[in-house]
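To start, the structure under review is shown below, and the notes come after it.
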Amino acid sequence: MKFKELGLDDRLLEGISAIGFEDATPVQEQAIPKIISGKDIIASAQTGTGKTAAFLLPVIHQILQADDDQSNIKALIIVPTRELAVQIDQQMEGLSYFTSVSSIAVYGGGDGQSFSREKSALSQGADVIIGTPGRLIAHLNLGYVQVSNLKCLVLDEADRMLDMGFHDDLMKIISYLPKQRQNLMFSATMPPKIRDLARKILQEPDEINIAISKPAERVAQAAFILYDNQKIPLAKYLLKAKKLQSVIIFCSTKNSAKQLSKELKKLEFSVEDIHSDLEQGEREQVLRDFKNKKLSILVATDILSRGIDVEDIELVVNYDVPNDGEDYIHRIGRTARAASKGVAFTFVNEKEQNKFYAIEKLLETPVPKGKLPASIGEGPEYKPRTGSRSNGRKKYNSRKKRK
DNA sequence: AAAAAAT
């Protein structure tokens with residue numbers, strides 16, 4: 001379906017075609033008319049499905065239609081990470097370019113001036129605020145944010161926000177908002193705690209389900225079964241094998257990311273690590289350089305596994321097996337966007353075999369096992385425990401840990 | 001079990 005058929009404001013259509021969008025994605029096709037009709041929405045959709053535009057477009061559209069030129073907040077978008085706030089604000093800029101609708105991103109970690117900049121912008125008013133929970137609360141507590149005219153609340157990556165312990169923060173923010181408002185909730189997964197949150201916040205929502213997250217068929221996947229000390233040599237080997245312009249390597253800990261990036265720097269790769277130990281300014285610089293292809297290899301924690309969109313990634317390496325099958329799908333979904341095809345490698349050490357097997361079960365298909373190059377040596381056998389104990393996800397019957 | 005997020 002074309003965007004033109006969705007009944008959006010002409011000024012928005014101009015922005016859409018300036019960005020080069022033409023056809024709406026399935027989630028956009030379903031969500032946009034429903035949101036314009038004023039319904040609450042709960043949608044399961046992951047990054048790469050066009051989810052952001054699916055809520056930004058109708059939100060901007062409604063602001064344009066209301067034709068209320070008062071400068072107070074009309075929509076609030078809450079997201080889990082600072083990087084995501086920045087990215088959504090950038091997309092907002094593009095889509096709203098030919099309109100008078102304004103937006104501002106607010107998030108922590110700035111240089112001290114950023115708070116006062118945000119404060120004065122918020123005092124003057126903006127139509128749309130995009131922010132991380134802690135910083136939003138800080139601003140709301142100080143009382144200059146005019147939310148009395150707010151019409152719409154968006155929770156993006158809601159499951160991730162709950163995982164990060166933001167439940168109480170979300171409820172606190174919501175307590176500031178007018179009761180009469182539209183609510184849109186997006187979540188990659190729909191576990192019971194998300195349903196509970198939805199019951200608390202949404203009113204008779206329509207549900208949108210975008211088919212469960214199977215990795216794109218264009219992603220060629222392979223797993224290397226190896227010993228832990230073979231990970232660094234194999235990473236070096238794979239990166240040296242081919243000249244690649246855009247690679248993300250995911251690690252499960254900050255330390256593992258730092259260590260690997262240090263090793264790769266020794267070989268003069270164009271590489272940086274990104275995680276929460278970096279100052280916010282550094283984080284943004286690294287991500288910008290990577291998006292602009294000034295930097296070819298990014299070693300990242302799960303700070304980037306969800307939500308962040310970079311074009312033309314050729315290779316994703318799971319240097320560690322992600323803790324959650326959904327994270328695996330999110331991570332490898334970074335590659336093979338649009339017309340390009342991509343490759344995803346996963347390194348599986350002995351301790352990670354069961355976790356990886358659980359992911360294969362979630363994918364409902366085994367991932368082909370790559371042969372280690374001779375210079376790396378022999379790896380162990382792939383012998384995951386396939387019994388019910390190691391289904392890796394919820395362990396309802398495990399006894400409570402005693403401290 | 002680790003990551004992220006307000007100062």
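Here, A, B, ... name the chains of the structure tokens in the order displayed, residue numbers run from 1 inside each chain, and ligands are numbered from 1 in the same displayed order.
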
Compile a residue-level contact table for chain A against chain B at a cut-off of 8 Å, reporting for every qualifying residue the shortest atom pair and its distance in Å to one decimal, with only C-alpha atoms (C1' of nucleotides) counted, rows ordered by chain and ascending number, as a Markdown table.
| residue | atom | partner | partner_atom | distance |
| --- | --- | --- | --- | --- |
| A:Pro80 | CA | B:DA4 | C1' | 7.6 |
| A:Thr81 | CA | B:DA4 | C1' | 6.8 |
| A:Gly108 | CA | B:DA6 | C1' | 6.6 |
| A:Thr132 | CA | B:DA5 | C1' | 7.5 |
| A:Pro133 | CA | B:DA5 | C1' | 7.4 |
| A:Gly134 | CA | B:DA6 | C1' | 4.9 |
| A:Arg135 | CA | B:DA6 | C1' | 5.6 |
| A:Ala138 | CA | B:DA6 | C1' | 6.7 |
| A:Met164 | CA | B:DA4 | C1' | 6.2 |
| A:Ser252 | CA | B:DA2 | C1' | 6.6 |
| A:Thr253 | CA | B:DA2 | C1' | 6.2 |
| A:Ser276 | CA | B:DA4 | C1' | 7.2 |
| A:Thr301 | CA | B:DA3 | C1' | 7.2 |
| A:Asp302 | CA | B:DA3 | C1' | 6.2 |
| A:Ile303 | CA | B:DA4 | C1' | 6.7 |

Only C-alpha atoms, please: the residues just picked out, written as an mmCIF file, in the first residue's frame.
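Done, and the output landed in selection.cif:
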data_model
loop_
_atom_site.group_PDB
_atom_site.id
_atom_site.type_symbol
_atom_site.label_atom_id
_atom_site.label_comp_id
_atom_site.auth_asym_id
_atom_site.auth_seq_id
_atom_site.Cartn_x
_atom_site.Cartn_y
_atom_site.Cartn_z
ATOM 1 C CA PRO A 80 14.496 2.736 26.901
ATOM 2 C CA THR A 81 17.841 4.075 25.671
ATOM 3 C CA GLY A 108 20.534 11.952 30.572
ATOM 4 C CA THR A 132 14.198 8.289 28.483
ATOM 5 C CA PRO A 133 12.308 7.730 31.760
ATOM 6 C CA GLY A 134 14.703 9.151 34.338
ATOM 7 C CA ARG A 135 15.256 12.428 32.577
ATOM 8 C CA ALA A 138 13.441 15.019 36.394
ATOM 9 C CA MET A 164 15.367 -2.457 32.636
ATOM 10 C CA SER A 252 27.104 -9.680 26.450
ATOM 11 C CA THR A 253 29.288 -7.712 28.814
ATOM 12 C CA SER A 276 27.295 2.484 28.966
ATOM 13 C CA THR A 301 26.761 -4.457 24.213
ATOM 14 C CA ASP A 302 23.007 -4.918 24.044
ATOM 15 C CA ILE A 303 22.727 -1.142 24.246
#

Worksheet item: Counting only C-alpha atoms (C1' of nucleotides), what is within 10 Å of Ile225 (chain A), bar same-chain residues fewer than 3 positions away, as a ChimeraX atom specification?
Response: /A:222,228,230-231,346-350,352-353,369-372,378-383

Could you save those same residues with C-alpha atoms as a short mmCIF file (atom, residue, chain, number, x, y, z; two decimals), in the first residue's frame?
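Okay, result.cif is ready:
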data_model
loop_
_atom_site.label_atom_id
_atom_site.label_comp_id
_atom_site.auth_asym_id
_atom_site.auth_seq_id
_atom_site.Cartn_x
_atom_site.Cartn_y
_atom_site.Cartn_z
CA ALA A 222 26.38 -19.79 10.83
CA ASP A 228 36.38 -19.62 24.82
CA GLN A 230 39.43 -19.37 20.39
CA LYS A 231 36.98 -16.47 20.18
CA THR A 346 27.58 -16.67 16.32
CA PHE A 347 30.41 -17.84 18.56
CA VAL A 348 29.33 -20.58 20.94
CA ASN A 349 31.70 -21.68 23.70
CA GLU A 350 31.15 -24.73 25.86
CA GLU A 352 26.90 -21.35 25.89
CA GLN A 353 25.87 -24.49 24.05
CA LYS A 369 27.72 -24.99 12.03
CA GLY A 370 30.80 -23.36 10.53
CA LYS A 371 34.09 -25.23 10.35
CA LEU A 372 36.90 -23.59 12.29
CA GLU A 378 39.82 -27.99 16.70
CA GLY A 379 36.79 -26.90 18.64
CA PRO A 380 34.68 -29.01 21.02
CA GLU A 381 31.73 -31.07 19.85
CA TYR A 382 28.26 -29.53 19.82
CA LYS A 383 26.53 -31.47 22.57
#

Item to complete: Apply DSSP to the backbone of this structure and, from region 143-360 of chain A, keep only the residues in alpha helix (DSSP H); write these as a PyMOL selection string.
Response: chain A and resi 158-163+167-176+192-201+231-241+254-266+280-291+325-332+353-360

Worksheet item: For the atom pair CA of Asp159 (chain A) and CA of Val79 (chain A), what is the interatomic distance in Å to one decimal place?
Response: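 Those two atoms sit 10.5 Å apart.
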
Fill in: Who sits within 10 Å of region 22-36 of chain A, only C-alpha atoms (C1' of nucleotides), same chain under 5 positions skipped, as a PyMOL selection string
chain A and resi 1-8+13+16-17+41-46+48-62+152+182-184+206-211

Fill in: Between CA of Gly110 (chain A) and CA of Gln280 (chain A), distance in Å (one decimal)
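Calculated distance between CA of Gly110 (chain A) and CA of Gln280 (chain A) is 6.1 Å.
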
I'd like a table as CSV: residues in region 270-363 of chain A with an atom no more than 7 Å from region 240-251 of chain A, each row giving the shortest atom pair and its distance in Å to one decimal, only C-alpha atoms counted, sorted by chain and rising residue number.
residue,atom,partner,partner_atom,distance
A:Lys293,CA,A:Ser246,CA,6.9
A:Ser296,CA,A:Ser246,CA,4.6
A:Ile297,CA,A:Val247,CA,4.8
A:Leu298,CA,A:Ile248,CA,4.9
A:Val299,CA,A:Ile249,CA,4.7
A:Ala300,CA,A:Phe250,CA,5.0
A:Thr301,CA,A:Cys251,CA,5.1
A:Asp302,CA,A:Phe250,CA,7.0
A:Ile313,CA,A:Ser246,CA,5.0
A:Glu314,CA,A:Ser246,CA,5.7
A:Leu315,CA,A:Val247,CA,4.9
A:Val316,CA,A:Ile248,CA,5.0
A:Val317,CA,A:Ile249,CA,4.6
A:Asn318,CA,A:Phe250,CA,5.0
A:Tyr319,CA,A:Cys251,CA,5.4
A:Asp320,CA,A:Cys251,CA,5.2

How about saving the chosen residues, all heavy atoms kept, as a tab-separated table (two decimals), in the first residue's frame?
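Saved result, part_18.tsv, follows:
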chain	number	residue	atom	x	y	z
A	293	LYS	N	29.79	5.56	8.15
A	293	LYS	CA	30.79	4.66	7.56
A	293	LYS	C	32.23	5.18	7.70
A	293	LYS	O	33.12	4.79	6.97
A	293	LYS	CB	30.51	4.41	6.07
A	293	LYS	CG	29.07	4.04	5.75
A	293	LYS	CD	28.75	2.61	6.15
A	293	LYS	CE	27.35	2.21	5.71
A	293	LYS	NZ	26.49	1.88	6.85
A	296	SER	N	34.40	1.24	10.62
A	296	SER	CA	33.81	0.06	10.00
A	296	SER	C	33.39	-1.02	10.98
A	296	SER	O	32.50	-1.80	10.69
A	296	SER	CB	34.71	-0.51	8.91
A	296	SER	OG	36.05	-0.41	9.24
A	297	ILE	N	34.02	-1.09	12.16
A	297	ILE	CA	33.64	-2.15	13.09
A	297	ILE	C	33.21	-1.55	14.42
A	297	ILE	O	33.91	-0.74	15.01
A	297	ILE	CB	34.81	-3.12	13.33
A	297	ILE	CG1	35.33	-3.68	12.00
A	297	ILE	CG2	34.39	-4.25	14.26
A	297	ILE	CD1	36.63	-4.43	12.14
A	298	LEU	N	32.05	-1.97	14.88
A	298	LEU	CA	31.53	-1.51	16.15
A	298	LEU	C	31.38	-2.71	17.07
A	298	LEU	O	30.73	-3.69	16.70
A	298	LEU	CB	30.16	-0.87	15.90
A	298	LEU	CG	29.60	0.03	16.97
A	298	LEU	CD1	30.56	1.16	17.27
A	298	LEU	CD2	28.26	0.59	16.51
A	299	VAL	N	32.01	-2.65	18.24
A	299	VAL	CA	31.86	-3.72	19.23
A	299	VAL	C	30.89	-3.20	20.28
A	299	VAL	O	31.20	-2.24	20.99
A	299	VAL	CB	33.21	-4.09	19.87
A	299	VAL	CG1	33.03	-5.28	20.81
A	299	VAL	CG2	34.24	-4.43	18.79
A	300	ALA	N	29.71	-3.82	20.38
A	300	ALA	CA	28.64	-3.23	21.18
A	300	ALA	C	28.06	-4.21	22.19
A	300	ALA	O	28.03	-5.41	21.96
A	300	ALA	CB	27.51	-2.77	20.26
A	301	THR	N	27.60	-3.67	23.31
A	301	THR	CA	26.76	-4.46	24.21
A	301	THR	C	25.33	-4.39	23.69
A	301	THR	O	25.06	-3.81	22.65
A	301	THR	CB	26.77	-3.86	25.63
A	301	THR	OG1	26.29	-2.52	25.53
A	301	THR	CG2	28.16	-3.86	26.21
A	302	ASP	N	24.41	-4.93	24.47
A	302	ASP	CA	23.01	-4.92	24.04
A	302	ASP	C	22.40	-3.52	24.07
A	302	ASP	O	21.23	-3.35	23.78
A	302	ASP	CB	22.17	-5.88	24.89
A	302	ASP	CG	22.29	-7.30	24.35
A	302	ASP	OD1	22.37	-7.46	23.11
A	302	ASP	OD2	22.31	-8.24	25.15
A	313	ILE	N	24.54	-2.95	6.92
A	313	ILE	CA	25.48	-3.73	7.73
A	313	ILE	C	25.74	-5.05	7.01
A	313	ILE	O	24.80	-5.76	6.65
A	313	ILE	CB	24.89	-3.99	9.12
A	313	ILE	CG1	24.55	-2.67	9.75
A	313	ILE	CG2	25.83	-4.86	9.94
A	313	ILE	CD1	25.00	-2.45	11.11
A	314	GLU	N	27.01	-5.34	6.78
A	314	GLU	CA	27.32	-6.56	6.02
A	314	GLU	C	27.41	-7.79	6.91
A	314	GLU	O	27.11	-8.90	6.50
A	314	GLU	CB	28.65	-6.38	5.29
A	314	GLU	CG	28.63	-5.26	4.28
A	314	GLU	CD	29.98	-4.58	4.19
A	314	GLU	OE1	30.42	-3.99	5.19
A	314	GLU	OE2	30.59	-4.66	3.12
A	315	LEU	N	27.87	-7.57	8.13
A	315	LEU	CA	28.13	-8.72	8.99
A	315	LEU	C	27.77	-8.39	10.44
A	315	LEU	O	28.14	-7.33	10.94
A	315	LEU	CB	29.62	-9.10	8.89
A	315	LEU	CG	30.13	-10.14	9.87
A	315	LEU	CD1	29.50	-11.50	9.61
A	315	LEU	CD2	31.66	-10.26	9.78
A	316	VAL	N	27.05	-9.29	11.06
A	316	VAL	CA	26.82	-9.21	12.50
A	316	VAL	C	27.50	-10.41	13.13
A	316	VAL	O	27.30	-11.54	12.69
A	316	VAL	CB	25.32	-9.24	12.84
A	316	VAL	CG1	25.11	-9.43	14.34
A	316	VAL	CG2	24.64	-7.96	12.39
A	317	VAL	N	28.32	-10.18	14.15
A	317	VAL	CA	28.93	-11.29	14.88
A	317	VAL	C	28.38	-11.29	16.29
A	317	VAL	O	28.45	-10.27	16.98
A	317	VAL	CB	30.48	-11.15	14.92
A	317	VAL	CG1	31.08	-12.30	15.73
A	317	VAL	CG2	31.06	-11.13	13.52
A	318	ASN	N	27.83	-12.41	16.71
A	318	ASN	CA	27.49	-12.59	18.11
A	318	ASN	C	28.70	-13.18	18.79
A	318	ASN	O	28.90	-14.40	18.77
A	318	ASN	CB	26.29	-13.52	18.27
A	318	ASN	CG	25.02	-12.90	17.77
A	318	ASN	OD1	24.65	-11.81	18.18
A	318	ASN	ND2	24.36	-13.58	16.86
A	319	TYR	N	29.52	-12.32	19.33
A	319	TYR	CA	30.75	-12.78	19.97
A	319	TYR	C	30.41	-13.61	21.21
A	319	TYR	O	31.12	-14.52	21.57
A	319	TYR	CB	31.58	-11.56	20.34
A	319	TYR	CG	32.94	-11.88	20.87
A	319	TYR	CD1	33.98	-12.23	20.01
A	319	TYR	CD2	33.19	-11.83	22.24
A	319	TYR	CE1	35.23	-12.52	20.51
A	319	TYR	CE2	34.45	-12.11	22.74
A	319	TYR	CZ	35.46	-12.46	21.86
A	319	TYR	OH	36.70	-12.75	22.36
A	320	ASP	N	29.31	-13.26	21.84
A	320	ASP	CA	28.73	-14.07	22.91
A	320	ASP	C	27.32	-14.44	22.50
A	320	ASP	O	26.66	-13.68	21.81
A	320	ASP	CB	28.66	-13.29	24.23
A	320	ASP	CG	30.03	-12.82	24.69
A	320	ASP	OD1	30.95	-13.66	24.73
A	320	ASP	OD2	30.17	-11.63	24.99

Discussion item. Just list as an MDAnalysis selection string whatever in region 207-364 of chain A DSSP marks as strand (DSSP E).
Written reply: chainID A and resid 207:209 219:225 247:250 271:274 297:300 315:318 342:348

N, CA, C and O atoms of the current selection, written as a CSV table (one decimal), in the first residue's frame:
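Resulting contents of result02.csv:
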chain,number,residue,atom,x,y,z
A,207,GLU,N,-5.4,-4.6,18.8
A,207,GLU,CA,-4.1,-5.3,18.9
A,207,GLU,C,-3.6,-5.5,17.5
A,207,GLU,O,-4.4,-5.8,16.5
A,208,ILE,N,-2.3,-5.2,17.3
A,208,ILE,CA,-1.7,-5.4,16.0
A,208,ILE,C,-0.6,-6.4,16.2
A,208,ILE,O,0.3,-6.3,17.0
A,209,ASN,N,-0.6,-7.5,15.4
A,209,ASN,CA,0.5,-8.5,15.5
A,209,ASN,C,1.2,-8.6,14.2
A,209,ASN,O,0.6,-9.0,13.2
A,219,VAL,N,19.4,-13.3,5.5
A,219,VAL,CA,20.5,-13.4,6.4
A,219,VAL,C,21.1,-14.8,6.4
A,219,VAL,O,20.4,-15.8,6.7
A,220,ALA,N,22.4,-14.9,6.0
A,220,ALA,CA,23.0,-16.3,6.0
A,220,ALA,C,23.6,-16.4,7.4
A,220,ALA,O,24.4,-15.6,7.9
A,221,GLN,N,23.1,-17.4,8.1
A,221,GLN,CA,23.6,-17.6,9.5
A,221,GLN,C,24.6,-18.8,9.6
A,221,GLN,O,24.4,-19.8,8.9
A,222,ALA,N,25.5,-18.7,10.5
A,222,ALA,CA,26.4,-19.8,10.8
A,222,ALA,C,26.8,-19.7,12.3
A,222,ALA,O,26.9,-18.5,12.8
A,223,ALA,N,27.0,-20.8,12.9
A,223,ALA,CA,27.5,-20.8,14.3
A,223,ALA,C,28.9,-21.5,14.3
A,223,ALA,O,29.1,-22.5,13.6
A,224,PHE,N,29.8,-21.0,15.1
A,224,PHE,CA,31.1,-21.6,15.3
A,224,PHE,C,31.1,-22.2,16.8
A,224,PHE,O,30.9,-21.5,17.7
A,225,ILE,N,31.2,-23.5,16.8
A,225,ILE,CA,31.3,-24.2,18.2
A,225,ILE,C,32.8,-24.2,18.5
A,225,ILE,O,33.6,-24.8,17.8
A,247,VAL,N,30.4,-3.6,10.2
A,247,VAL,CA,30.3,-4.8,10.9
A,247,VAL,C,29.9,-4.4,12.4
A,247,VAL,O,30.5,-3.5,12.9
A,248,ILE,N,28.9,-5.1,12.9
A,248,ILE,CA,28.7,-5.0,14.4
A,248,ILE,C,29.0,-6.3,15.1
A,248,ILE,O,28.6,-7.4,14.6
A,249,ILE,N,29.7,-6.2,16.1
A,249,ILE,CA,30.1,-7.4,17.0
A,249,ILE,C,29.4,-7.2,18.3
A,249,ILE,O,29.7,-6.2,19.0
A,250,PHE,N,28.5,-8.1,18.7
A,250,PHE,CA,27.7,-8.0,19.9
A,250,PHE,C,28.4,-8.8,21.0
A,250,PHE,O,28.8,-9.9,20.8
A,271,VAL,N,38.0,0.4,14.4
A,271,VAL,CA,37.1,-0.3,15.4
A,271,VAL,C,36.9,0.6,16.6
A,271,VAL,O,37.8,1.2,17.1
A,272,GLU,N,35.7,0.6,17.2
A,272,GLU,CA,35.5,1.2,18.5
A,272,GLU,C,34.5,0.4,19.3
A,272,GLU,O,33.7,-0.3,18.7
A,273,ASP,N,34.5,0.5,20.6
A,273,ASP,CA,33.5,-0.2,21.4
A,273,ASP,C,32.5,0.8,21.9
A,273,ASP,O,32.8,2.0,22.0
A,274,ILE,N,31.2,0.3,22.1
A,274,ILE,CA,30.2,1.2,22.6
A,274,ILE,C,29.3,0.5,23.6
A,274,ILE,O,28.9,-0.6,23.4
A,297,ILE,N,34.0,-1.1,12.2
A,297,ILE,CA,33.6,-2.1,13.1
A,297,ILE,C,33.2,-1.6,14.4
A,297,ILE,O,33.9,-0.7,15.0
A,298,LEU,N,32.0,-2.0,14.9
A,298,LEU,CA,31.5,-1.5,16.1
A,298,LEU,C,31.4,-2.7,17.1
A,298,LEU,O,30.7,-3.7,16.7
A,299,VAL,N,32.0,-2.7,18.2
A,299,VAL,CA,31.9,-3.7,19.2
A,299,VAL,C,30.9,-3.2,20.3
A,299,VAL,O,31.2,-2.2,21.0
A,300,ALA,N,29.7,-3.8,20.4
A,300,ALA,CA,28.6,-3.2,21.2
A,300,ALA,C,28.1,-4.2,22.2
A,300,ALA,O,28.0,-5.4,22.0
A,315,LEU,N,27.9,-7.6,8.1
A,315,LEU,CA,28.1,-8.7,9.0
A,315,LEU,C,27.8,-8.4,10.4
A,315,LEU,O,28.1,-7.3,10.9
A,316,VAL,N,27.1,-9.3,11.1
A,316,VAL,CA,26.8,-9.2,12.5
A,316,VAL,C,27.5,-10.4,13.1
A,316,VAL,O,27.3,-11.5,12.7
A,317,VAL,N,28.3,-10.2,14.1
A,317,VAL,CA,28.9,-11.3,14.9
A,317,VAL,C,28.4,-11.3,16.3
A,317,VAL,O,28.5,-10.3,17.0
A,318,ASN,N,27.8,-12.4,16.7
A,318,ASN,CA,27.5,-12.6,18.1
A,318,ASN,C,28.7,-13.2,18.8
A,318,ASN,O,28.9,-14.4,18.8
A,342,GLY,N,22.8,-10.2,4.1
A,342,GLY,CA,23.8,-10.1,5.2
A,342,GLY,C,24.2,-11.4,5.7
A,342,GLY,O,23.6,-12.4,5.4
A,343,VAL,N,25.2,-11.4,6.6
A,343,VAL,CA,25.7,-12.6,7.2
A,343,VAL,C,25.7,-12.4,8.7
A,343,VAL,O,26.0,-11.3,9.2
A,344,ALA,N,25.4,-13.4,9.4
A,344,ALA,CA,25.4,-13.4,10.9
A,344,ALA,C,26.2,-14.6,11.4
A,344,ALA,O,25.8,-15.7,11.1
A,345,PHE,N,27.2,-14.4,12.1
A,345,PHE,CA,28.0,-15.5,12.8
A,345,PHE,C,27.8,-15.4,14.3
A,345,PHE,O,27.7,-14.3,14.9
A,346,THR,N,27.7,-16.6,14.9
A,346,THR,CA,27.6,-16.7,16.3
A,346,THR,C,28.7,-17.6,16.9
A,346,THR,O,28.9,-18.7,16.4
A,347,PHE,N,29.4,-17.1,17.9
A,347,PHE,CA,30.4,-17.8,18.6
A,347,PHE,C,29.8,-18.5,19.8
A,347,PHE,O,29.2,-17.8,20.6
A,348,VAL,N,30.0,-19.8,19.9
A,348,VAL,CA,29.3,-20.6,20.9
A,348,VAL,C,30.4,-21.3,21.7
A,348,VAL,O,31.0,-22.3,21.2

Worksheet item: Hey, can you check how far CA of Glu93 (chain A) sits from CA of Lys294 (chain A)?
Response: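 It comes out at 23.1 Å.
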
Please identify all polymer residues within 9 Å of Pro366 (chain A), counting only C-alpha atoms (C1' of nucleotides), omitting same-chain residues fewer than 6 positions from it, and present them as a PDB file with N, CA, C and O atoms, in the first residue's frame.
ATOM      1  N   TYR A 357      21.285 -23.740  21.917  1.00  0.00           N
ATOM      2  CA  TYR A 357      20.300 -24.740  21.499  1.00  0.00           C
ATOM      3  C   TYR A 357      18.882 -24.205  21.700  1.00  0.00           C
ATOM      4  O   TYR A 357      17.988 -24.420  20.867  1.00  0.00           O
ATOM      5  N   ILE A 359      17.983 -21.193  21.446  1.00  0.00           N
ATOM      6  CA  ILE A 359      17.713 -20.253  20.352  1.00  0.00           C
ATOM      7  C   ILE A 359      17.330 -21.007  19.084  1.00  0.00           C
ATOM      8  O   ILE A 359      16.380 -20.643  18.388  1.00  0.00           O
ATOM      9  N   GLU A 360      18.037 -22.093  18.818  1.00  0.00           N
ATOM     10  CA  GLU A 360      17.686 -22.884  17.635  1.00  0.00           C
ATOM     11  C   GLU A 360      16.257 -23.404  17.744  1.00  0.00           C
ATOM     12  O   GLU A 360      15.546 -23.482  16.749  1.00  0.00           O
TER      13      GLU A 360
END
